[in-house]
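Undergrad: Dropping in input-v7.txt, with compact mmCIF, C-alpha atoms and all ligand atoms.
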```txt
# COMPACT_ATOMS: atom_id res chain seq x y z
CA MET A 263 -34.26 -12.76 -1.74
CA GLU A 264 -33.01 -15.99 -0.21
CA ILE A 265 -31.19 -17.12 -3.38
CA TYR A 266 -29.12 -13.91 -3.60
CA ARG A 267 -28.10 -14.23 0.06
CA ASN A 268 -26.22 -17.44 -0.83
CA PRO A 269 -23.68 -16.41 -3.48
CA ALA A 270 -21.57 -19.58 -3.43
CA TYR A 271 -24.58 -21.77 -4.34
CA TYR A 272 -25.80 -19.10 -6.77
CA GLU A 273 -22.44 -19.18 -8.56
CA ILE A 274 -22.57 -22.97 -8.98
CA ALA A 275 -26.15 -22.80 -10.29
CA PHE A 276 -25.48 -19.96 -12.75
CA SER A 277 -22.02 -20.84 -14.14
CA PHE A 278 -23.27 -22.65 -17.24
CA PHE A 279 -21.58 -20.30 -19.71
CA ASP A 280 -18.09 -19.74 -21.08
CA VAL A 281 -17.02 -16.38 -19.67
CA LYS A 282 -14.02 -16.04 -22.00
CA LYS A 283 -16.34 -16.26 -25.01
CA GLN A 284 -18.66 -13.67 -23.45
CA VAL A 285 -15.84 -11.21 -22.84
CA ASN A 286 -14.46 -11.85 -26.35
CA THR A 287 -17.86 -10.81 -27.68
CA PHE A 288 -17.87 -7.67 -25.47
CA GLU A 289 -14.54 -6.72 -27.08
CA LEU A 290 -15.94 -7.35 -30.54
CA ILE A 291 -19.06 -5.30 -29.83
CA VAL A 292 -16.92 -2.43 -28.55
CA LYS A 293 -14.96 -2.43 -31.83
CA GLU A 294 -18.16 -2.50 -33.86
CA PHE A 295 -20.46 -0.11 -31.95
CA SER A 296 -18.72 1.94 -29.25
CA LYS A 297 -17.97 5.56 -30.07
CA ILE A 298 -15.40 5.74 -27.29
CA LYS A 299 -12.34 3.78 -26.20
CA VAL A 300 -13.27 1.32 -23.45
CA LYS A 301 -11.20 0.99 -20.28
CA ARG A 302 -13.73 0.91 -17.46
CA PHE A 303 -16.67 -1.55 -17.22
CA LEU A 304 -19.73 -1.55 -14.94
CA ASP A 305 -21.71 -4.74 -14.25
CA VAL A 306 -25.20 -3.87 -12.97
CA ALA A 307 -26.83 -6.51 -10.72
CA CYS A 308 -23.40 -8.11 -10.82
CA GLY A 309 -23.78 -11.02 -8.39
CA PRO A 310 -20.53 -13.06 -8.33
CA SER A 311 -19.65 -11.58 -11.77
CA LEU A 312 -17.42 -14.02 -13.57
CA GLN A 313 -17.42 -11.36 -16.32
CA LEU A 314 -15.81 -8.63 -14.17
CA ARG A 315 -13.27 -11.17 -12.93
CA GLU A 316 -12.36 -12.03 -16.54
CA LEU A 317 -12.27 -8.34 -17.56
CA ALA A 318 -10.01 -7.45 -14.61
CA LYS A 319 -7.71 -10.33 -15.63
CA ARG A 320 -7.48 -8.75 -19.10
CA GLY A 321 -6.39 -5.44 -17.56
CA TYR A 322 -9.67 -3.50 -17.65
CA GLU A 323 -11.05 -1.47 -14.73
CA ALA A 324 -14.03 -3.26 -13.20
CA VAL A 325 -16.94 -2.01 -11.10
CA GLY A 326 -19.73 -4.23 -9.76
CA LEU A 327 -23.07 -2.86 -8.53
CA ASP A 328 -25.57 -4.96 -6.61
CA SER A 329 -28.14 -4.45 -3.85
CA SER A 330 -27.06 -7.62 -2.03
CA PRO A 331 -24.20 -7.11 0.47
CA GLN A 332 -23.62 -10.89 0.50
CA MET A 333 -23.05 -10.93 -3.27
CA LEU A 334 -20.65 -7.97 -3.09
CA ARG A 335 -18.68 -9.43 -0.18
CA TYR A 336 -18.38 -12.70 -2.13
CA LEU A 337 -17.23 -10.88 -5.30
CA SER A 338 -14.62 -8.89 -3.32
CA ARG A 339 -13.35 -12.07 -1.67
CA LYS A 340 -13.07 -13.85 -5.04
CA ALA A 341 -11.26 -10.84 -6.56
CA LYS A 342 -8.79 -10.83 -3.67
CA GLU A 343 -8.19 -14.60 -3.99
CA GLU A 344 -7.59 -14.17 -7.73
CA GLY A 345 -5.31 -11.13 -7.21
CA LEU A 346 -7.67 -8.76 -9.04
CA ARG A 347 -8.96 -5.26 -8.39
CA ILE A 348 -12.75 -4.95 -8.60
CA ASP A 349 -14.58 -1.97 -7.05
CA THR A 350 -18.03 -2.64 -5.60
CA VAL A 351 -21.04 -0.39 -5.07
CA GLN A 352 -24.01 -1.43 -2.97
CA ALA A 353 -27.07 0.29 -4.43
CA ASP A 354 -30.46 -0.19 -6.02
CA MET A 355 -30.09 -0.31 -9.80
CA SER A 356 -32.92 2.23 -10.14
CA ASN A 357 -31.22 4.75 -7.89
CA PHE A 358 -27.47 5.10 -8.13
CA ARG A 359 -24.69 7.44 -9.21
CA LEU A 360 -21.02 6.52 -9.66
CA GLU A 361 -18.14 8.74 -8.55
CA LYS A 362 -16.27 7.99 -11.79
CA LYS A 363 -18.07 7.37 -15.10
CA VAL A 364 -17.59 4.10 -16.98
CA ASP A 365 -17.15 3.45 -20.72
CA PHE A 366 -19.30 0.29 -21.02
CA THR A 367 -22.16 -1.02 -18.86
CA PHE A 368 -23.65 -4.50 -18.93
CA ILE A 369 -26.44 -6.41 -17.20
CA MET A 370 -26.55 -10.19 -17.53
CA MET A 371 -28.80 -13.19 -17.03
CA GLY A 372 -32.15 -11.48 -17.49
CA SER A 373 -31.52 -9.16 -14.53
CA LEU A 374 -33.15 -6.20 -16.30
CA VAL A 375 -36.43 -6.60 -14.42
CA PHE A 376 -38.44 -4.03 -12.48
CA GLY A 377 -41.64 -3.62 -10.52
CA SER A 378 -42.85 -0.75 -12.71
CA ASN A 379 -42.08 1.33 -15.81
CA GLU A 380 -41.13 4.22 -13.50
CA ASP A 381 -38.39 2.05 -11.95
CA PHE A 382 -37.13 1.17 -15.44
CA ILE A 383 -36.95 4.87 -16.41
CA ASP A 384 -35.15 5.65 -13.12
CA HIS A 385 -32.74 2.83 -13.95
CA LEU A 386 -32.01 4.32 -17.39
CA ASP A 387 -31.45 7.71 -15.71
CA SER A 388 -28.99 6.11 -13.27
CA VAL A 389 -27.07 4.31 -16.04
CA ALA A 390 -27.10 7.46 -18.21
CA CYS A 391 -25.49 9.49 -15.39
CA SER A 392 -22.83 6.81 -14.90
CA ILE A 393 -21.66 6.20 -18.46
CA LYS A 394 -19.77 8.45 -20.87
CA LYS A 395 -21.35 9.78 -24.05
CA GLY A 396 -20.95 7.27 -26.89
CA GLY A 397 -20.58 4.34 -24.45
CA LEU A 398 -22.63 1.15 -24.76
CA TYR A 399 -25.22 -0.45 -22.49
CA PHE A 400 -25.35 -4.20 -23.15
CA ILE A 401 -28.41 -6.10 -21.90
CA GLN A 402 -28.47 -9.92 -21.88
CA ASN A 403 -31.74 -11.85 -22.06
CA LYS A 404 -34.54 -9.33 -22.34
CA ILE A 405 -37.89 -11.11 -22.27
CA VAL A 406 -39.22 -10.72 -25.81
CA ASP A 407 -41.40 -13.85 -25.95
CA TRP A 408 -43.77 -13.36 -23.02
CA THR A 409 -45.55 -16.63 -23.80
CA ARG A 410 -42.46 -18.43 -22.47
CA ILE A 411 -41.45 -16.42 -19.42
CA ALA A 412 -39.40 -17.98 -16.66
CA GLU A 413 -39.98 -21.67 -17.29
CA GLN A 414 -36.55 -23.21 -16.94
CA SER A 415 -34.86 -25.96 -14.97
CA TRP A 416 -31.26 -27.20 -14.99
CA THR A 417 -28.71 -28.94 -12.75
CA MET A 418 -25.06 -28.00 -12.14
CA GLU A 419 -22.32 -29.68 -10.10
CA LYS A 420 -19.04 -28.35 -8.74
CA ASP A 421 -16.62 -29.97 -6.26
CA GLY A 422 -19.28 -32.40 -5.02
CA VAL A 423 -22.03 -29.78 -4.62
CA VAL A 424 -25.09 -30.40 -6.83
CA VAL A 425 -27.59 -27.57 -7.42
CA LYS A 426 -30.89 -28.01 -9.26
CA THR A 427 -32.38 -24.66 -10.28
CA THR A 428 -35.98 -24.08 -11.31
CA TYR A 429 -37.51 -20.75 -12.34
CA SER A 430 -41.23 -20.62 -13.01
CA PHE A 431 -43.99 -18.19 -13.75
CA THR A 432 -46.59 -18.72 -11.04
CA PHE A 433 -49.51 -16.36 -11.75
CA TRP A 434 -50.48 -12.97 -13.11
CA LYS A 435 -50.71 -10.72 -10.06
CA ASP A 436 -51.95 -7.59 -11.82
CA LEU A 437 -52.93 -7.87 -15.48
CA LEU A 438 -53.57 -4.16 -15.95
CA ASN A 439 -49.99 -3.41 -14.94
CA GLN A 440 -48.54 -6.60 -16.53
CA VAL A 441 -47.19 -7.82 -13.19
CA TYR A 442 -46.52 -11.53 -12.62
CA ARG A 443 -45.10 -13.55 -9.75
CA GLU A 444 -41.85 -15.38 -10.50
CA ARG A 445 -40.61 -18.19 -8.28
CA GLY A 446 -37.00 -19.39 -8.18
CA VAL A 447 -35.92 -22.54 -6.32
CA LEU A 448 -32.42 -23.91 -5.71
CA GLU A 449 -32.39 -27.52 -4.47
CA ILE A 450 -28.91 -28.19 -3.10
CA ASP A 451 -27.07 -31.37 -2.21
CA ASP A 452 -23.90 -30.23 -0.46
CA HIS A 453 -21.97 -33.46 0.20
CA GLY A 454 -25.10 -35.21 1.41
CA GLN A 455 -26.57 -32.23 3.26
CA THR A 456 -29.71 -31.02 1.48
CA LYS A 457 -31.03 -27.44 1.43
CA LYS A 458 -33.75 -25.60 -0.45
CA LEU A 459 -33.60 -21.87 -1.22
CA VAL A 460 -36.76 -20.20 -2.49
CA SER A 461 -37.20 -16.63 -3.78
CA GLU A 462 -40.36 -15.03 -5.11
CA GLU A 463 -40.58 -11.68 -6.86
CA ASP A 464 -43.35 -9.62 -8.47
CA LEU A 465 -42.08 -8.42 -11.84
CA LYS A 466 -43.54 -6.15 -14.45
CA LEU A 467 -43.34 -7.50 -17.96
CA ILE A 468 -42.06 -4.84 -20.34
CA PHE A 469 -43.21 -5.83 -23.83
CA PRO A 470 -40.62 -5.40 -26.63
CA GLN A 471 -42.21 -2.38 -28.31
CA GLU A 472 -42.99 -0.85 -24.91
CA PHE A 473 -39.29 -1.27 -24.07
CA LYS A 474 -38.27 0.64 -27.20
CA ALA A 475 -40.87 3.34 -26.50
CA LEU A 476 -39.63 3.77 -22.91
CA VAL A 477 -36.02 4.05 -24.08
CA LYS A 478 -37.13 6.77 -26.52
CA LEU A 479 -39.18 8.51 -23.83
CA GLN A 480 -36.29 8.54 -21.36
CA GLY A 481 -34.29 10.13 -24.14
CA LYS A 482 -30.67 9.57 -23.14
CA PHE A 483 -29.94 6.39 -25.14
CA GLU A 484 -30.25 5.39 -28.75
CA PHE A 485 -31.53 1.89 -29.46
CA VAL A 486 -28.72 0.25 -31.47
CA GLY A 487 -30.38 -3.15 -31.98
CA TRP A 488 -31.20 -6.61 -30.64
CA TRP A 489 -29.80 -9.98 -31.68
CA GLU A 490 -30.10 -13.70 -31.03
CA GLY A 491 -27.57 -15.44 -28.80
CA ASN A 492 -26.75 -18.50 -26.77
CA GLU A 493 -25.53 -18.66 -23.17
CA SER A 494 -21.92 -17.77 -24.09
CA THR A 495 -22.08 -15.60 -27.19
CA TRP A 496 -24.29 -13.47 -29.40
CA PHE A 497 -24.82 -13.41 -33.14
CA LEU A 498 -24.48 -10.01 -34.75
CA ASP A 499 -25.61 -11.48 -38.06
CA LYS A 500 -28.94 -12.54 -36.51
CA PRO A 501 -31.06 -9.51 -35.58
CA LEU A 502 -34.31 -10.39 -33.79
CA GLU A 503 -36.32 -8.78 -36.58
CA LYS A 504 -35.25 -11.72 -38.81
CA ALA A 505 -35.60 -14.51 -36.18
CA LYS A 506 -37.90 -17.39 -37.15
CA THR A 507 -38.57 -18.15 -33.47
CA LEU A 508 -38.05 -15.48 -30.84
CA SER A 509 -35.88 -16.52 -27.92
CA ASN A 510 -35.42 -14.90 -24.53
CA ILE A 511 -31.71 -15.70 -24.83
CA ASN A 512 -30.60 -12.58 -26.66
CA MET A 513 -28.77 -9.27 -26.41
CA VAL A 514 -29.99 -5.70 -26.64
CA LEU A 515 -27.64 -2.80 -27.24
CA LEU A 516 -28.20 0.84 -26.27
CA ARG A 517 -25.74 3.70 -26.72
CA LYS A 518 -25.54 6.85 -24.59
CA LYS A 519 -26.36 9.96 -26.62
C1 LIG B 1 -30.07 -13.09 -11.73
S1 LIG B 1 -28.84 -12.43 -10.66
C2 LIG B 1 -27.58 -12.02 -11.83
C3 LIG B 1 -26.21 -12.02 -11.24
C4 LIG B 1 -25.07 -11.96 -12.26
N1 LIG B 1 -25.12 -10.75 -13.03
C5 LIG B 1 -25.06 -13.16 -13.18
O1 LIG B 1 -25.10 -12.96 -14.40
O2 LIG B 1 -25.00 -14.28 -12.71
C6 LIG B 1 -29.52 -10.92 -10.22
C7 LIG B 1 -28.67 -10.05 -9.29
O3 LIG B 1 -29.33 -8.79 -9.16
C8 LIG B 1 -29.26 -8.34 -7.83
N2 LIG B 1 -30.40 -7.42 -7.68
C9 LIG B 1 -31.72 -7.73 -7.62
N3 LIG B 1 -32.46 -6.61 -7.52
C10 LIG B 1 -31.58 -5.57 -7.57
C11 LIG B 1 -31.74 -4.15 -7.54
N4 LIG B 1 -32.94 -3.59 -7.46
N5 LIG B 1 -30.63 -3.39 -7.60
C12 LIG B 1 -29.40 -3.95 -7.68
N6 LIG B 1 -29.18 -5.28 -7.71
C13 LIG B 1 -30.27 -6.08 -7.67
C14 LIG B 1 -29.31 -9.60 -7.00
O4 LIG B 1 -28.76 -9.39 -5.71
C15 LIG B 1 -28.49 -10.57 -7.86
O5 LIG B 1 -27.13 -10.54 -7.51
```
Translate the structure of the given file into structure tokens.

TA:
Amino acid sequence: MEIYRNPAYYEIAFSFFDVKKQVNTFELIVKEFSKIKVKRFLDVACGPSLQLRELAKRGYEAVGLDSSPQMLRYLSRKAKEEGLRIDTVQADMSNFRLEKKVDFTFIMMGSLVFGSNEDFIDHLDSVACSIKKGGLYFIQNKIVDWTRIAEQSWTMEKDGVVVKTTYSFTFWKDLLNQVYRERGVLEIDDHGQTKKLVSEEDLKLIFPQEFKALVKLQGKFEFVGWWEGNESTWFLDKPLEKAKTLSNINMVLLRKK
């Protein structure tokens, strides 16, 4: 995945949220829904994880898991520069175990995507083995409106580097298995030098009720709920069941049984 091999450009492209507000909401959600005290956080598919950096600043223990060595090296370098301790684990999110269990797990930016339902179940098994009983699994941006998948474009600028990002649905690859091809493009202007990074991935759409059924089938989490949100916060007074228009900017909450 060319985009994930270039963490510095990725971070510019995907820093359009207020991380302090996000972490404030994590703390609020812990108070409201966690059955355990929370000290140790895991970010799955962490990338450059502004969230772990903010959590570590607030004194929490922070663990980042990603399959990309470039992303993890970048995160470790940033943590060192910022004087923070963040542990990293290079692993596939459908096949991992942690040495020490965490109290709260999160996955951001629509990263909860898999090639098959089996991979999703294996992922839930991996998270279940890595989180304490009563701990929360927070999922940002689950696709719930499949008529509007992956059609987004935006531009960000930082220190003279401009990055235009476009994600698009390209075609259904396998209707029977609900698999589609997603294409992501970063068009970069780095002080006059232009670059284009392209990544394509075949992803299985997990429909909302299928998602709930798979969570039930896997058996180790209870479905707490799902709510509307924006890029920086989530609205606990707006459950998706009451939404007039469904949005793929949302949060889903599971709790380890
Ligand atoms: C959309 S980015 C999200 C990064 C970060 N969490 C954020 O919010 O900006 C997805 C991340 O997932 C990682 N990734 C993709 N497939 C993965 C897998 N199977 N296991 C672990 N990490 C994976 C990529 O390397 C990338 O860092």

Undergrad: Dig up all the protein and nucleic acid residues within 12 Å of (-30.6, -18.6, -0.3) in the file frame, using all atoms listed in the file, and format them as a list in words.

TA: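 Output of the proximity query reads Met263, Glu264, Ile265, Tyr266, Arg267, Asn268, Pro269, Ala270, Tyr271, Tyr272, Glu273, Ala275, Ser330, Gln332, Met333, Val425, Thr427, Gly446, Val447, Leu448, Glu449, Ile450, Lys457, Lys458, Leu459, Val460, Ser461 and Glu462 of chain A.
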
Undergrad: Which residues of chain A have any atom within 6 Å of an atom in ligand LIG 1 (chain B) when counting all atoms listed in the file, and what is the closest pair of atoms for each, with the distance in Å to one decimal? Order the rows by chain and rising number and write it as JSON lines.

TA:
```
{"residue": "A:Tyr266", "atom": "CA", "partner": "B:LIG1", "partner_atom": "O4", "distance": 5.0}
{"residue": "A:Phe276", "atom": "CA", "partner": "B:LIG1", "partner_atom": "O2", "distance": 5.7}
{"residue": "A:Ala307", "atom": "CA", "partner": "B:LIG1", "partner_atom": "O3", "distance": 3.7}
{"residue": "A:Cys308", "atom": "CA", "partner": "B:LIG1", "partner_atom": "N1", "distance": 3.8}
{"residue": "A:Gly309", "atom": "CA", "partner": "B:LIG1", "partner_atom": "O5", "distance": 3.5}
{"residue": "A:Ser311", "atom": "CA", "partner": "B:LIG1", "partner_atom": "C4", "distance": 5.5}
{"residue": "A:Asp328", "atom": "CA", "partner": "B:LIG1", "partner_atom": "N6", "distance": 3.8}
{"residue": "A:Ser329", "atom": "CA", "partner": "B:LIG1", "partner_atom": "C12", "distance": 4.1}
{"residue": "A:Ser330", "atom": "CA", "partner": "B:LIG1", "partner_atom": "O4", "distance": 4.4}
{"residue": "A:Met333", "atom": "CA", "partner": "B:LIG1", "partner_atom": "O5", "distance": 5.9}
{"residue": "A:Ala353", "atom": "CA", "partner": "B:LIG1", "partner_atom": "C12", "distance": 5.8}
{"residue": "A:Asp354", "atom": "CA", "partner": "B:LIG1", "partner_atom": "N5", "distance": 3.6}
{"residue": "A:Met355", "atom": "CA", "partner": "B:LIG1", "partner_atom": "N5", "distance": 3.8}
{"residue": "A:Met370", "atom": "CA", "partner": "B:LIG1", "partner_atom": "O1", "distance": 4.4}
{"residue": "A:Met371", "atom": "CA", "partner": "B:LIG1", "partner_atom": "O1", "distance": 4.5}
{"residue": "A:Ser373", "atom": "CA", "partner": "B:LIG1", "partner_atom": "C1", "distance": 5.0}
```

Undergrad: Excluding Glu472 in chain A and its own-chain neighbours fewer than 2 positions away, which residues fall within 12 Å of it when counting only C-alpha atoms? Please give them as a ChimeraX atom specification.

TA: /A:379,382-383,405-406,440,466-470,474-479

Undergrad: Near Arg517 in chain A, counting all atoms listed in the file, which residues have an atom at most 9 Å away, once you skip same-chain residues fewer than 3 positions from it, shown as a list in words?

TA: Phe295, Ser296, Lys297, Lys395, Gly396, Gly397, Leu398, Tyr399, Phe400, Lys482, Phe483, Glu484, Phe485 and Val486 of chain A

Undergrad: Can you tell me, as lines of an AutoDock Vina configuration file, the centre and edge lengths (Å, one decimal) of the axis-aligned box enclosing all of range 436-439 of chain A's listed atoms after padding each side by 6 Å?

TA:
```
center_x = -51.8
center_y = -5.6
center_z = -13.9
size_x = 15.6
size_y = 16.5
size_z = 16.1
```

Undergrad: Which polymer residues have any atom within 7 Å of an atom of Phe303 in chain A, counting only C-alpha atoms, with same-chain residues fewer than 5 positions away left out, as a count of residues only?

TA: 7

Undergrad: Would you please work out which residue, of A:Asp451, A:Val300, A:Glu463, A:Leu317, is nearest to Lys283 in chain A when using all atoms listed in the file?

TA: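 Result for the nearest residue to Lys283 in chain A: A:Leu317.
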
Undergrad: At a cut-off of 10 Å, using all atoms listed in the file, what residues contact Lys504 in chain A? Leave out same-chain residues fewer than 5 positions from it and give the result as a list of chain:residue names.

TA: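 Returned residues: A:Trp489, A:Glu490, A:Asp499.
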
Undergrad: Can you write out the residues you just picked, keeping C-alpha atoms, as a compact mmCIF listing (two decimals), in the frame of the given file?

TA:
```
# COMPACT_ATOMS: atom_id res chain seq x y z
CA TRP A 489 -29.80 -9.98 -31.68
CA GLU A 490 -30.10 -13.70 -31.03
CA ASP A 499 -25.61 -11.48 -38.06
```

Undergrad: Looking at only C-alpha atoms, which of A:Arg315, A:Leu438, A:Ile274, A:Phe368 is the one that sits closest to Val292 in chain A?

TA: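 Among the listed residues, A:Phe368 lies closest to Val292 in chain A.
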
Undergrad: Go through A:Phe473, A:Phe278, A:Phe358, A:Tyr322 and flag the residue nearest Ser494 in chain A, using all atoms listed in the file for the distances.

TA: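 Among the listed residues, A:Phe278 lies closest to Ser494 in chain A.
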
Undergrad: Counting only C-alpha atoms, select every polymer residue within 6 Å of (-20.5, -15.3, -15.8) as defined in the file's coordinates, and provide the selection as a VMD selection string.

TA: chain A and resid 277 281 311 to 313

Undergrad: Which is closer to Phe431 in chain A than all the others in A:Ile411, A:Leu290, A:Ala505, A:Val351, using only C-alpha atoms?

TA: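 Residue with the minimum atom-to-atom distance to Phe431 in chain A: A:Ile411.
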
Undergrad: Could you pull the residues within 8 Å of Lys282 in chain A, counting only C-alpha atoms, minus those fewer than 3 positions along the same chain, as JSON, numbers by chain?

TA: {"A": [285, 286, 316]}

Undergrad: CA of Ser430 in chain A and CA of Tyr442 in chain A are how many Å apart?

TA: 10.5 Å

Undergrad: I need the residue nearest Lys363 in chain A from this list: A:Lys519, A:His453, A:Lys394, A:Lys299. Use all atoms listed in the file for the distance.

TA: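 Comparing A:Lys519, A:His453, A:Lys394, A:Lys299 against Lys363 in chain A, the winner is A:Lys394.
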
Undergrad: How many Å lie between CA of Phe288 in chain A and CA of Asn510 in chain A, rounded to one decimal?

TA: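 CA of Asn510 in chain A lies 19.0 Å from CA of Phe288 in chain A.
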
Undergrad: In terms of the shortest atom-to-atom distance over all atoms listed in the file, which of A:Met418, A:Leu498, A:Val389, A:Leu360 is closest to Lys518 in chain A?

TA: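 Comparing A:Met418, A:Leu498, A:Val389, A:Leu360 against Lys518 in chain A, the winner is A:Val389.
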
Undergrad: May I ask for the distance between CA of Ile401 in chain A and CA of Met513 in chain A, given in Å to one decimal place?

TA: 5.5 Å
